[in-house]
Number of protein chains: 2
Amino acid sequence: MNGAQSLVRTLVDCGVDVCFMNPGTSEMHFVATLDAVPEMRGMLALFEGVVTGAADGYGRMAGTPAATLLHLGPGLGNGLANLHNARRARTPIVNVVGDHATYHKKFDAPLESDIEGVARNVSPGFVRRGSYPETLGVDAADAVRAALGPPGQVATLIVPADVSWGPGGIVAAPPPPPRRQALDAPRVAMVVDVLRSGEPTALLLGNAALGTAALVAASSIANTVDAKLFCETFPPRVARGAGIPEVERIAYLGEMAVAQLEGIRHLVLIDAKAPVSFFAYPERPSSLVPENCEIHVLAGPADDVTTTLEALADEVGARPDAARLAGGSRPDLPTGELNVRAVAAAVGALLPEGAIVSDEGNTSGLFASSMTAGCPPHDWLFLTGGAIGQGLPVAVGAATACPDRRVVSLQADGSALYTLQAWWTMARYGLDVTTVLFNNHSYAILNMELQRVGTEGAGDRAREMLDLSNPDIDFASLARGMGLTAWRSRTAEEFSSHLAAALNTPGPSMVEAILPTPG
Amino acid sequence: MNGAQSLVRTLVDCGVDVCFMNPGTSEMHFVATLDAVPEMRGMLALFEGVVTGAADGYGRMAGTPAATLLHLGPGLGNGLANLHNARRARTPIVNVVGDHATYHKKFDAPLESDIEGVARNVSPGFVRRGSYPETLGVDAADAVRAALGPPGQVATLIVPADVSWGPGGIVAAPPPPPRRQALDAPRVAMVVDVLRSGEPTALLLGNAALGTAALVAASSIANTVDAKLFCETFPPRVARGAGIPEVERIAYLGEMAVAQLEGIRHLVLIDAKAPVSFFAYPERPSSLVPENCEIHVLAGPADDVTTTLEALADEVGARPDAARLAGGSRPDLPTGELNVRAVAAAVGALLPEGAIVSDEGNTSGLFASSMTAGCPPHDWLFLTGGAIGQGLPVAVGAATACPDRRVVSLQADGSALYTLQAWWTMARYGLDVTTVLFNNHSYAILNMELQRVGTEGAGDRAREMLDLSNPDIDFASLARGMGLTAWRSRTAEEFSSHLAAALNTPGPSMVEAILPTPG
């Protein structure tokens, strides 16, 4: 058994049985192993940003890591942005990066570069270089353990080619399952005191606090003690829809977030971070926490968050039926002009039960959340790290993890162009992903930010850098080029009809909404 | 004057007056400056790999740096692969990366990451973080000086948002022009001795030794002393065509390179590195230099290579007319089946005088070099660092640097998909780039490498990872989606006709050659 075979077999034994890949010569022994270890499913992507974003989407939905397979430093570079998003999502990923043979590195061949230095950007907690075929299995098991955490993380394993092809590989035993910290009674008691203080209090939920059970507990607490309930701006995954408590997100715009939190004296963090401004702006605060507001941590990434919330609910006498559940209602199908509100209404009218929404709608997604609040239960995946080009790859991974569910990818035009190659992977594997493409011919958010950061003197030459027209982009043509069925819609009626068709078509398809250019 | 204005004004004063960009919120003050400093030309790309590859192509043709403008760590990550290629090409680039405001970093906002660690991968010689608006001009001038070298390099300047928007910016004076080392007489004398030894000797040319004057000197030397003449496998830029000495490239395949160099006792390096295998292969050597072959360095990256070669020619009595110049001849237009030979013949028959060829044809480009050897003078740009996705962006940059010349981008299908967004930038700016797209539905080189690295047991599941069919990709549809005119060709006659039309069409267009799948 060579090193690569021991690596792949160990991953499979650890429950890691999907590998998104864009391999090169130094990874050929890993690729060849796919026939010897058929339990590992290899899935090809045509650009590494799709590989890493798909692994993120997979890990968010499956709860177990996918592996990646990347080609040396440049391959890792191409995949870095979506690994950054995965780091922020705390998604477990086993990030395998091939490298030159150990003895070849000193020759400084063209593809030689410092892989570790780049990997630390996204894998601060685990970067390891395999040294021998005999220990590569253990390296793999350690990477799986590190990826699972808690907290979940991107664990990078660098595999030199000769460690892959060398003999003597040994399959390692899977690590013990991850253990979250047991209930921290003093912290619960401390928060009970806060909630009984009578002072204005808010619970801020993140990450693991946004599954259905945790949301029910949190909502029942908030309603029982009259606290406000918020969640982070860009959480990795939120359960929502009819019968699930709806939770208000902290706004992206700092001035709106300040208004949301105004008057709050106690902010209780439940697997969440104290809110900060996404960017800095002249003369505006970076922290969005009100002055005189105390921060209290109920649970963090290493804790069993749901159990902790349920214990807190018990302590304050909040029964599950005190939770405020979203009612079941959908908007009517829209008519007339096609705009972002109409698109959201059509999505709300048609979203299938059990759908997974990959949301990179950015400014165009403004109404999507409210219009779908009463849809049948579904999951919503956000852009966690601000590195655009996440939405389509995450949809690939989510559809791979959940083949029985429909994935709806709400995708802004500018962001789509970073990783449009994801469409091809959807087509090859027949993934049930419906892309809704918001084509407003603009980096609309940057036109807004150009004002917000207080620039002076910006004119036509500046604005040209934020404009996606001249030439207009035909996303339907792009999607068809990648093998998808695609429609272009110019009215609300057209869009609704195309979206209904797309949702009823097995496999991937795309509906491009031609929207007015903002501003 | 704010920091950004002093930065941009300094760059312009230093002769850096093109900035390829894909900016975000933290770079808005730089963008706003485009109206105040109209001498700086901003050019938008829709993905950072296009930004950095365009800066590489620009620098190779202009000899002076372009600037980039990238958005924090993820933007740098997206641009890293083509900066890697630029590092290998020693292309001067001023790589500007925006960052959060200095005081905002401690809040660990979603886009926060370690930019320096990633930048060192491609900018080992110069990574600087701007600290004050008052000194940002000096930082910019220092970055230009570092970029120009010698040797040329990617100089990374990280610019926090508040350093951009803060007042007090001061325009810095341009650095002195770069100085190459004067002639090193002892080294020349040493090489004269080698050349007169009577033992089998080869000259190996790289980088600055591949301009016309250097080639004439080198060829005259080789013919006078009966030495062999080679150039590196993937040099950044080679002058070639009728009236210019043709130089044989060291082969990509190690076994062929070994045959080329067999029996050589002395290898004289002229701004070149001793040849090494591109990848490692079991049981095969990494170094391609024959045993018992001595290595001698005539000139390196810091030297005035052409002057040195001309001095050496004088010393050995090699007159310029001893150079062996390529004759002027073109292949006939091809007929019949469309294959890689026919594509190359059509290119050879039609390549305009003064063309710039951006070559990422990979296996499909096999005949391109020989079929164009007798074309009118032109320049040829190679994939220097092995990070695929370079060809189309480099074409953008070359066309920007040389608006009076036709750029021909010979582009393999698999590699094209990494940075296809380059087509949009060509369309927006009306760049005279003709893309020849080799569509063979395969990562053909990897199918070859799968054998060469000695894998065993690779079957259908492995081969599926190297296959670009299922679904077939329609590159014409992709190019049209980005705003280009595009043709699909299935016979040699069709291809020749489409290529002629494309070369005669102002602005960018694309011809997709549908080729047999190899193997």
# chains A, B, ... in the order shown; residues from 1 in each chain; ligands from 1

call {"tool": "residues_around", "arguments": {"residues": "A:Ala217", "least_positions_apart": "2", "cutoff": "12 Å", "atoms": "only C-alpha atoms", "output": "PyMOL selection string"}}
result
chain A and resi 203+205+209-215+219-224+229+244-245+270+305-325

call {"tool": "write_last_selection", "arguments": {"atoms": "C-alpha atoms", "output": "PDB file, in the first residue's frame"}}
result
ATOM      1  CA  LEU A 203     -29.373  37.366  23.226  1.00  0.00           C
ATOM      2  CA  LEU A 205     -26.962  33.803  18.505  1.00  0.00           C
ATOM      3  CA  ALA A 209     -27.125  28.321  18.155  1.00  0.00           C
ATOM      4  CA  LEU A 210     -29.057  28.525  14.886  1.00  0.00           C
ATOM      5  CA  GLY A 211     -30.366  24.989  14.539  1.00  0.00           C
ATOM      6  CA  THR A 212     -34.062  24.399  15.210  1.00  0.00           C
ATOM      7  CA  ALA A 213     -33.732  23.083  18.788  1.00  0.00           C
ATOM      8  CA  ALA A 214     -31.395  25.875  19.844  1.00  0.00           C
ATOM      9  CA  LEU A 215     -33.662  28.470  18.248  1.00  0.00           C
ATOM     10  CA  SER A 219     -36.860  32.120  21.553  1.00  0.00           C
ATOM     11  CA  SER A 220     -38.660  30.689  24.567  1.00  0.00           C
ATOM     12  CA  ILE A 221     -36.094  32.309  26.859  1.00  0.00           C
ATOM     13  CA  ALA A 222     -36.336  35.658  25.108  1.00  0.00           C
ATOM     14  CA  ASN A 223     -40.131  35.681  25.273  1.00  0.00           C
ATOM     15  CA  THR A 224     -40.235  34.541  28.885  1.00  0.00           C
ATOM     16  CA  LEU A 229     -33.229  38.033  20.178  1.00  0.00           C
ATOM     17  CA  ILE A 244     -39.316  27.521  13.480  1.00  0.00           C
ATOM     18  CA  PRO A 245     -38.551  30.671  15.505  1.00  0.00           C
ATOM     19  CA  ILE A 270     -24.272  32.375  22.462  1.00  0.00           C
ATOM     20  CA  VAL A 305     -24.717  25.112  22.682  1.00  0.00           C
ATOM     21  CA  THR A 306     -28.148  23.531  22.395  1.00  0.00           C
ATOM     22  CA  THR A 307     -27.848  21.746  25.722  1.00  0.00           C
ATOM     23  CA  THR A 308     -26.686  24.973  27.328  1.00  0.00           C
ATOM     24  CA  LEU A 309     -29.624  26.934  25.926  1.00  0.00           C
ATOM     25  CA  GLU A 310     -32.086  24.272  27.054  1.00  0.00           C
ATOM     26  CA  ALA A 311     -30.570  24.359  30.541  1.00  0.00           C
ATOM     27  CA  LEU A 312     -30.892  28.122  30.623  1.00  0.00           C
ATOM     28  CA  ALA A 313     -34.501  27.837  29.496  1.00  0.00           C
ATOM     29  CA  ASP A 314     -35.170  25.470  32.381  1.00  0.00           C
ATOM     30  CA  GLU A 315     -33.530  27.827  34.845  1.00  0.00           C
ATOM     31  CA  VAL A 316     -35.671  30.798  33.816  1.00  0.00           C
ATOM     32  CA  GLY A 317     -38.807  28.709  33.534  1.00  0.00           C
ATOM     33  CA  ALA A 318     -39.135  29.130  29.789  1.00  0.00           C
ATOM     34  CA  ARG A 319     -41.202  26.304  28.341  1.00  0.00           C
ATOM     35  CA  PRO A 320     -40.730  25.349  24.711  1.00  0.00           C
ATOM     36  CA  ASP A 321     -44.219  26.566  23.847  1.00  0.00           C
ATOM     37  CA  ALA A 322     -43.126  30.055  24.809  1.00  0.00           C
ATOM     38  CA  ALA A 323     -41.092  30.144  21.603  1.00  0.00           C
ATOM     39  CA  ARG A 324     -42.520  32.410  18.930  1.00  0.00           C
ATOM     40  CA  LEU A 325     -42.687  30.300  15.802  1.00  0.00           C
TER      41      LEU A 325
END

call {"tool": "residues_around", "arguments": {"residues": "B:Thr335", "least_positions_apart": "6", "cutoff": "12 Å", "atoms": "only C-alpha atoms", "output": "VMD selection string"}}
result
chain B and resid 341 to 343 345 to 346 490 to 497

call {"tool": "closest_residue", "arguments": {"among": "B:Pro377, B:Pro110, B:Pro175, B:Gly361", "to": "chain A", "atoms": "only C-alpha atoms"}}
result
B:Pro110

call {"tool": "atom_distance", "arguments": {"atom1": "atom CA of B:Gly374", "atom2": "atom CA of B:Ala349"}}
result
9.7 Å

call {"tool": "residues_around", "arguments": {"residues": "stretch 277-279 of chain A", "least_positions_apart": "6", "cutoff": "10 Å", "atoms": "only C-alpha atoms", "output": "PyMOL selection string"}}
result
(chain A and resi 233+251-255+257-258+285-289+385-386+449+453) or (chain B and resi 25-26+99-101+104-105+107-112+161)

call {"tool": "write_last_selection", "arguments": {"atoms": "N, CA and C atoms", "output": "PDB file, in the first residue's frame"}}
result
ATOM      1  N   THR A 233     -24.759  38.662  11.670  1.00  0.00           N
ATOM      2  CA  THR A 233     -25.091  39.152  10.335  1.00  0.00           C
ATOM      3  C   THR A 233     -24.936  38.066   9.278  1.00  0.00           C
ATOM      4  N   ALA A 251     -27.808  43.993  11.316  1.00  0.00           N
ATOM      5  CA  ALA A 251     -27.693  44.522   9.963  1.00  0.00           C
ATOM      6  C   ALA A 251     -26.235  44.658   9.535  1.00  0.00           C
ATOM      7  N   TYR A 252     -26.006  44.538   8.233  1.00  0.00           N
ATOM      8  CA  TYR A 252     -24.678  44.774   7.660  1.00  0.00           C
ATOM      9  C   TYR A 252     -24.268  46.232   7.822  1.00  0.00           C
ATOM     10  N   LEU A 253     -25.214  47.130   7.630  1.00  0.00           N
ATOM     11  CA  LEU A 253     -24.889  48.561   7.744  1.00  0.00           C
ATOM     12  C   LEU A 253     -24.772  48.932   9.213  1.00  0.00           C
ATOM     13  N   GLY A 254     -23.611  49.417   9.598  1.00  0.00           N
ATOM     14  CA  GLY A 254     -23.350  49.707  10.998  1.00  0.00           C
ATOM     15  C   GLY A 254     -24.374  50.636  11.616  1.00  0.00           C
ATOM     16  N   GLU A 255     -24.810  51.653  10.858  1.00  0.00           N
ATOM     17  CA  GLU A 255     -25.755  52.611  11.414  1.00  0.00           C
ATOM     18  C   GLU A 255     -27.091  51.930  11.749  1.00  0.00           C
ATOM     19  N   ALA A 257     -27.297  48.661  12.526  1.00  0.00           N
ATOM     20  CA  ALA A 257     -27.009  47.770  13.660  1.00  0.00           C
ATOM     21  C   ALA A 257     -27.022  48.549  14.971  1.00  0.00           C
ATOM     22  N   VAL A 258     -26.487  49.749  14.940  1.00  0.00           N
ATOM     23  CA  VAL A 258     -26.493  50.590  16.137  1.00  0.00           C
ATOM     24  C   VAL A 258     -27.932  50.849  16.585  1.00  0.00           C
ATOM     25  N   PRO A 285     -17.665  54.248  14.653  1.00  0.00           N
ATOM     26  CA  PRO A 285     -17.035  53.265  15.542  1.00  0.00           C
ATOM     27  C   PRO A 285     -16.876  51.904  14.867  1.00  0.00           C
ATOM     28  N   SER A 286     -15.842  51.179  15.232  1.00  0.00           N
ATOM     29  CA  SER A 286     -15.665  49.802  14.759  1.00  0.00           C
ATOM     30  C   SER A 286     -16.562  48.850  15.533  1.00  0.00           C
ATOM     31  N   SER A 287     -16.649  49.042  16.840  1.00  0.00           N
ATOM     32  CA  SER A 287     -17.534  48.186  17.643  1.00  0.00           C
ATOM     33  C   SER A 287     -18.960  48.699  17.530  1.00  0.00           C
ATOM     34  N   LEU A 288     -19.894  47.780  17.387  1.00  0.00           N
ATOM     35  CA  LEU A 288     -21.304  48.169  17.287  1.00  0.00           C
ATOM     36  C   LEU A 288     -22.039  47.957  18.604  1.00  0.00           C
ATOM     37  N   VAL A 289     -21.305  47.589  19.634  1.00  0.00           N
ATOM     38  CA  VAL A 289     -21.913  47.395  20.948  1.00  0.00           C
ATOM     39  C   VAL A 289     -22.129  48.767  21.585  1.00  0.00           C
ATOM     40  N   GLY A 385     -17.460  35.019   5.333  1.00  0.00           N
ATOM     41  CA  GLY A 385     -16.181  35.703   5.484  1.00  0.00           C
ATOM     42  C   GLY A 385     -16.006  36.906   4.590  1.00  0.00           C
ATOM     43  N   GLY A 386     -17.029  37.238   3.835  1.00  0.00           N
ATOM     44  CA  GLY A 386     -16.948  38.418   2.986  1.00  0.00           C
ATOM     45  C   GLY A 386     -16.143  38.239   1.717  1.00  0.00           C
ATOM     46  N   GLU A 449     -20.883  51.873  -1.121  1.00  0.00           N
ATOM     47  CA  GLU A 449     -19.740  52.064  -0.215  1.00  0.00           C
ATOM     48  C   GLU A 449     -18.887  53.266  -0.624  1.00  0.00           C
ATOM     49  N   VAL A 453     -17.792  55.533   2.596  1.00  0.00           N
ATOM     50  CA  VAL A 453     -16.440  55.731   3.135  1.00  0.00           C
ATOM     51  C   VAL A 453     -15.985  57.175   3.014  1.00  0.00           C
TER      52      VAL A 453
ATOM     53  N   THR B  25     -14.441  47.754  -0.734  1.00  0.00           N
ATOM     54  CA  THR B  25     -14.710  48.926   0.093  1.00  0.00           C
ATOM     55  C   THR B  25     -13.422  49.562   0.619  1.00  0.00           C
ATOM     56  N   SER B  26     -12.479  48.748   1.052  1.00  0.00           N
ATOM     57  CA  SER B  26     -11.273  49.310   1.663  1.00  0.00           C
ATOM     58  C   SER B  26     -10.367  49.997   0.646  1.00  0.00           C
ATOM     59  N   ASP B  99      -6.277  47.059   2.856  1.00  0.00           N
ATOM     60  CA  ASP B  99      -6.559  46.356   4.110  1.00  0.00           C
ATOM     61  C   ASP B  99      -7.495  47.227   4.948  1.00  0.00           C
ATOM     62  N   HIS B 100      -8.005  46.610   6.009  1.00  0.00           N
ATOM     63  CA  HIS B 100      -8.807  47.358   6.968  1.00  0.00           C
ATOM     64  C   HIS B 100      -7.999  48.532   7.533  1.00  0.00           C
ATOM     65  N   ALA B 101      -8.707  49.516   8.045  1.00  0.00           N
ATOM     66  CA  ALA B 101      -8.055  50.606   8.772  1.00  0.00           C
ATOM     67  C   ALA B 101      -7.231  50.035   9.920  1.00  0.00           C
ATOM     68  N   HIS B 104      -8.937  49.164  13.047  1.00  0.00           N
ATOM     69  CA  HIS B 104     -10.059  48.216  12.893  1.00  0.00           C
ATOM     70  C   HIS B 104      -9.583  46.765  12.967  1.00  0.00           C
ATOM     71  N   LYS B 105      -8.299  46.544  12.777  1.00  0.00           N
ATOM     72  CA  LYS B 105      -7.819  45.166  12.632  1.00  0.00           C
ATOM     73  C   LYS B 105      -8.044  44.337  13.887  1.00  0.00           C
ATOM     74  N   PHE B 107     -10.406  44.175  15.771  1.00  0.00           N
ATOM     75  CA  PHE B 107     -11.782  43.707  15.955  1.00  0.00           C
ATOM     76  C   PHE B 107     -12.057  42.408  15.203  1.00  0.00           C
ATOM     77  N   ASP B 108     -11.095  41.963  14.409  1.00  0.00           N
ATOM     78  CA  ASP B 108     -11.227  40.676  13.719  1.00  0.00           C
ATOM     79  C   ASP B 108     -12.530  40.605  12.904  1.00  0.00           C
ATOM     80  N   ALA B 109     -12.774  41.653  12.133  1.00  0.00           N
ATOM     81  CA  ALA B 109     -13.959  41.674  11.263  1.00  0.00           C
ATOM     82  C   ALA B 109     -13.849  40.536  10.237  1.00  0.00           C
ATOM     83  N   PRO B 110     -14.972  40.196   9.585  1.00  0.00           N
ATOM     84  CA  PRO B 110     -14.980  38.973   8.770  1.00  0.00           C
ATOM     85  C   PRO B 110     -13.851  38.874   7.746  1.00  0.00           C
ATOM     86  N   LEU B 111     -13.448  39.988   7.134  1.00  0.00           N
ATOM     87  CA  LEU B 111     -12.415  39.891   6.094  1.00  0.00           C
ATOM     88  C   LEU B 111     -10.989  39.989   6.637  1.00  0.00           C
ATOM     89  N   GLU B 112     -10.841  40.060   7.960  1.00  0.00           N
ATOM     90  CA  GLU B 112      -9.490  40.136   8.535  1.00  0.00           C
ATOM     91  C   GLU B 112      -8.723  38.834   8.298  1.00  0.00           C
ATOM     92  N   ALA B 161      -6.961  51.174   5.048  1.00  0.00           N
ATOM     93  CA  ALA B 161      -7.937  52.141   4.546  1.00  0.00           C
ATOM     94  C   ALA B 161      -7.721  53.533   5.134  1.00  0.00           C
TER      95      ALA B 161
END

call {"tool": "select_by_dssp", "arguments": {"residues": "stretch 394-450 of chain B", "states": "strand (DSSP E)", "output": "CSV table (one decimal) with N, CA and C atoms, in the first residue's frame"}}
result
chain,number,residue,atom,x,y,z
B,407,VAL,N,-2.4,40.8,-30.5
B,407,VAL,CA,-2.1,39.8,-29.5
B,407,VAL,C,-2.8,38.5,-29.9
B,408,VAL,N,-2.1,37.4,-30.0
B,408,VAL,CA,-2.8,36.1,-30.3
B,408,VAL,C,-2.6,35.2,-29.0
B,409,SER,N,-3.7,34.8,-28.5
B,409,SER,CA,-3.7,34.1,-27.2
B,409,SER,C,-4.0,32.6,-27.6
B,410,LEU,N,-2.9,31.8,-27.6
B,410,LEU,CA,-3.1,30.3,-27.8
B,410,LEU,C,-3.4,29.7,-26.5
B,411,GLN,N,-4.7,29.1,-26.4
B,411,GLN,CA,-5.2,28.8,-25.1
B,411,GLN,C,-5.8,27.4,-25.0
B,412,ALA,N,-5.2,26.6,-24.1
B,412,ALA,CA,-5.8,25.3,-23.9
B,412,ALA,C,-7.1,25.4,-23.1
B,433,VAL,N,-7.1,41.4,-29.1
B,433,VAL,CA,-6.7,40.1,-28.8
B,433,VAL,C,-7.5,39.1,-29.5
B,434,THR,N,-6.8,38.2,-30.2
B,434,THR,CA,-7.5,37.1,-30.9
B,434,THR,C,-7.2,35.8,-30.1
B,435,THR,N,-8.2,35.2,-29.5
B,435,THR,CA,-8.0,34.0,-28.7
B,435,THR,C,-8.2,32.8,-29.6
B,436,VAL,N,-7.3,31.9,-29.7
B,436,VAL,CA,-7.4,30.6,-30.3
B,436,VAL,C,-7.6,29.6,-29.2
B,437,LEU,N,-8.8,29.0,-29.1
B,437,LEU,CA,-9.1,28.1,-28.0
B,437,LEU,C,-9.0,26.7,-28.5
B,438,PHE,N,-8.1,25.9,-27.9
B,438,PHE,CA,-8.0,24.5,-28.2
B,438,PHE,C,-9.0,23.7,-27.4
B,439,ASN,N,-10.0,23.2,-27.9
B,439,ASN,CA,-11.0,22.4,-27.2
B,439,ASN,C,-10.8,21.0,-27.5

call {"tool": "residues_around", "arguments": {"residues": "stretch 481-484 of chain B", "least_positions_apart": "2", "cutoff": "8 Å", "atoms": "only C-alpha atoms", "output": "JSON list (two decimals) with N, CA and C atoms, in the first residue's frame"}}
result
[["chain", "number", "residue", "atom", "x", "y", "z"],
["A", 471, "PRO", "N", -19.09, 45.73, -21.74],
["A", 471, "PRO", "CA", -20.32, 45.16, -22.27],
["A", 471, "PRO", "C", -21.17, 44.53, -21.17],
["A", 472, "ASP", "N", -22.48, 44.48, -21.43],
["A", 472, "ASP", "CA", -23.36, 43.71, -20.55],
["A", 472, "ASP", "C", -22.97, 42.24, -20.61],
["A", 473, "ILE", "N", -23.14, 41.58, -19.50],
["A", 473, "ILE", "CA", -22.80, 40.16, -19.43],
["A", 473, "ILE", "C", -24.07, 39.34, -19.59],
["A", 474, "ASP", "N", -23.97, 38.32, -20.43],
["A", 474, "ASP", "CA", -25.10, 37.42, -20.67],
["A", 474, "ASP", "C", -24.86, 36.15, -19.86],
["A", 475, "PHE", "N", -25.41, 36.13, -18.66],
["A", 475, "PHE", "CA", -25.15, 34.98, -17.77],
["A", 475, "PHE", "C", -25.81, 33.70, -18.28],
["A", 476, "ALA", "N", -26.92, 33.84, -18.99],
["A", 476, "ALA", "CA", -27.53, 32.62, -19.54],
["A", 476, "ALA", "C", -26.59, 31.97, -20.53],
["A", 477, "SER", "N", -25.91, 32.79, -21.33],
["A", 477, "SER", "CA", -24.94, 32.24, -22.27],
["A", 477, "SER", "C", -23.78, 31.59, -21.52],
["A", 478, "LEU", "N", -23.34, 32.20, -20.45],
["A", 478, "LEU", "CA", -22.27, 31.61, -19.66],
["A", 478, "LEU", "C", -22.70, 30.27, -19.06],
["B", 421, "GLN", "N", -12.68, 35.17, -17.22],
["B", 421, "GLN", "CA", -13.20, 36.53, -17.05],
["B", 421, "GLN", "C", -12.34, 37.56, -17.80],
["B", 423, "TRP", "N", -11.82, 37.68, -20.82],
["B", 423, "TRP", "CA", -12.49, 38.07, -22.06],
["B", 423, "TRP", "C", -13.30, 39.35, -21.88],
["B", 424, "TRP", "N", -13.92, 39.48, -20.72],
["B", 424, "TRP", "CA", -14.74, 40.68, -20.50],
["B", 424, "TRP", "C", -13.86, 41.93, -20.50],
["B", 427, "ALA", "N", -13.08, 42.90, -23.87],
["B", 427, "ALA", "CA", -14.22, 43.51, -24.55],
["B", 427, "ALA", "C", -14.43, 44.95, -24.08],
["B", 477, "SER", "N", -19.88, 29.98, -26.47],
["B", 477, "SER", "CA", -20.98, 30.52, -25.67],
["B", 477, "SER", "C", -20.43, 31.29, -24.46],
["B", 478, "LEU", "N", -19.37, 30.77, -23.86],
["B", 478, "LEU", "CA", -18.76, 31.48, -22.73],
["B", 478, "LEU", "C", -18.20, 32.83, -23.17],
["B", 479, "ALA", "N", -17.51, 32.84, -24.29],
["B", 479, "ALA", "CA", -16.89, 34.10, -24.75],
["B", 479, "ALA", "C", -17.97, 35.11, -25.14],
["B", 486, "ALA", "N", -17.45, 35.36, -31.34],
["B", 486, "ALA", "CA", -16.80, 34.05, -31.24],
["B", 486, "ALA", "C", -17.29, 33.12, -32.34],
["B", 508, "PRO", "N", -11.36, 42.42, -29.53],
["B", 508, "PRO", "CA", -11.16, 41.01, -29.22],
["B", 508, "PRO", "C", -12.17, 40.10, -29.90],
["B", 509, "SER", "N", -11.73, 38.92, -30.25],
["B", 509, "SER", "CA", -12.65, 37.87, -30.65],
["B", 509, "SER", "C", -12.00, 36.52, -30.37],
["B", 510, "MET", "N", -12.78, 35.48, -30.58],
["B", 510, "MET", "CA", -12.33, 34.15, -30.16],
["B", 510, "MET", "C", -12.71, 33.13, -31.21]]

call {"tool": "closest_residue", "arguments": {"among": "B:Ala67, B:Leu499, B:Ala36, B:Ala395", "to": "chain A", "atoms": "only C-alpha atoms"}}
result
B:Ala36

call {"tool": "select_by_dssp", "arguments": {"residues": "stretch 42-155 of chain B", "states": "alpha helix (DSSP H)", "output": "number ranges by chain"}}
result
B: 48-62, 72-89, 115-119, 133-148

call {"tool": "closest_residue", "arguments": {"among": "B:Ala141, B:Val96, B:Val37, B:Leu298", "to": "B:Ala218", "atoms": "only C-alpha atoms"}}
result
B:Leu298

call {"tool": "atom_distance", "arguments": {"atom1": "atom CA of B:Trp165", "atom2": "atom CA of B:Phe30"}}
result
8.6 Å
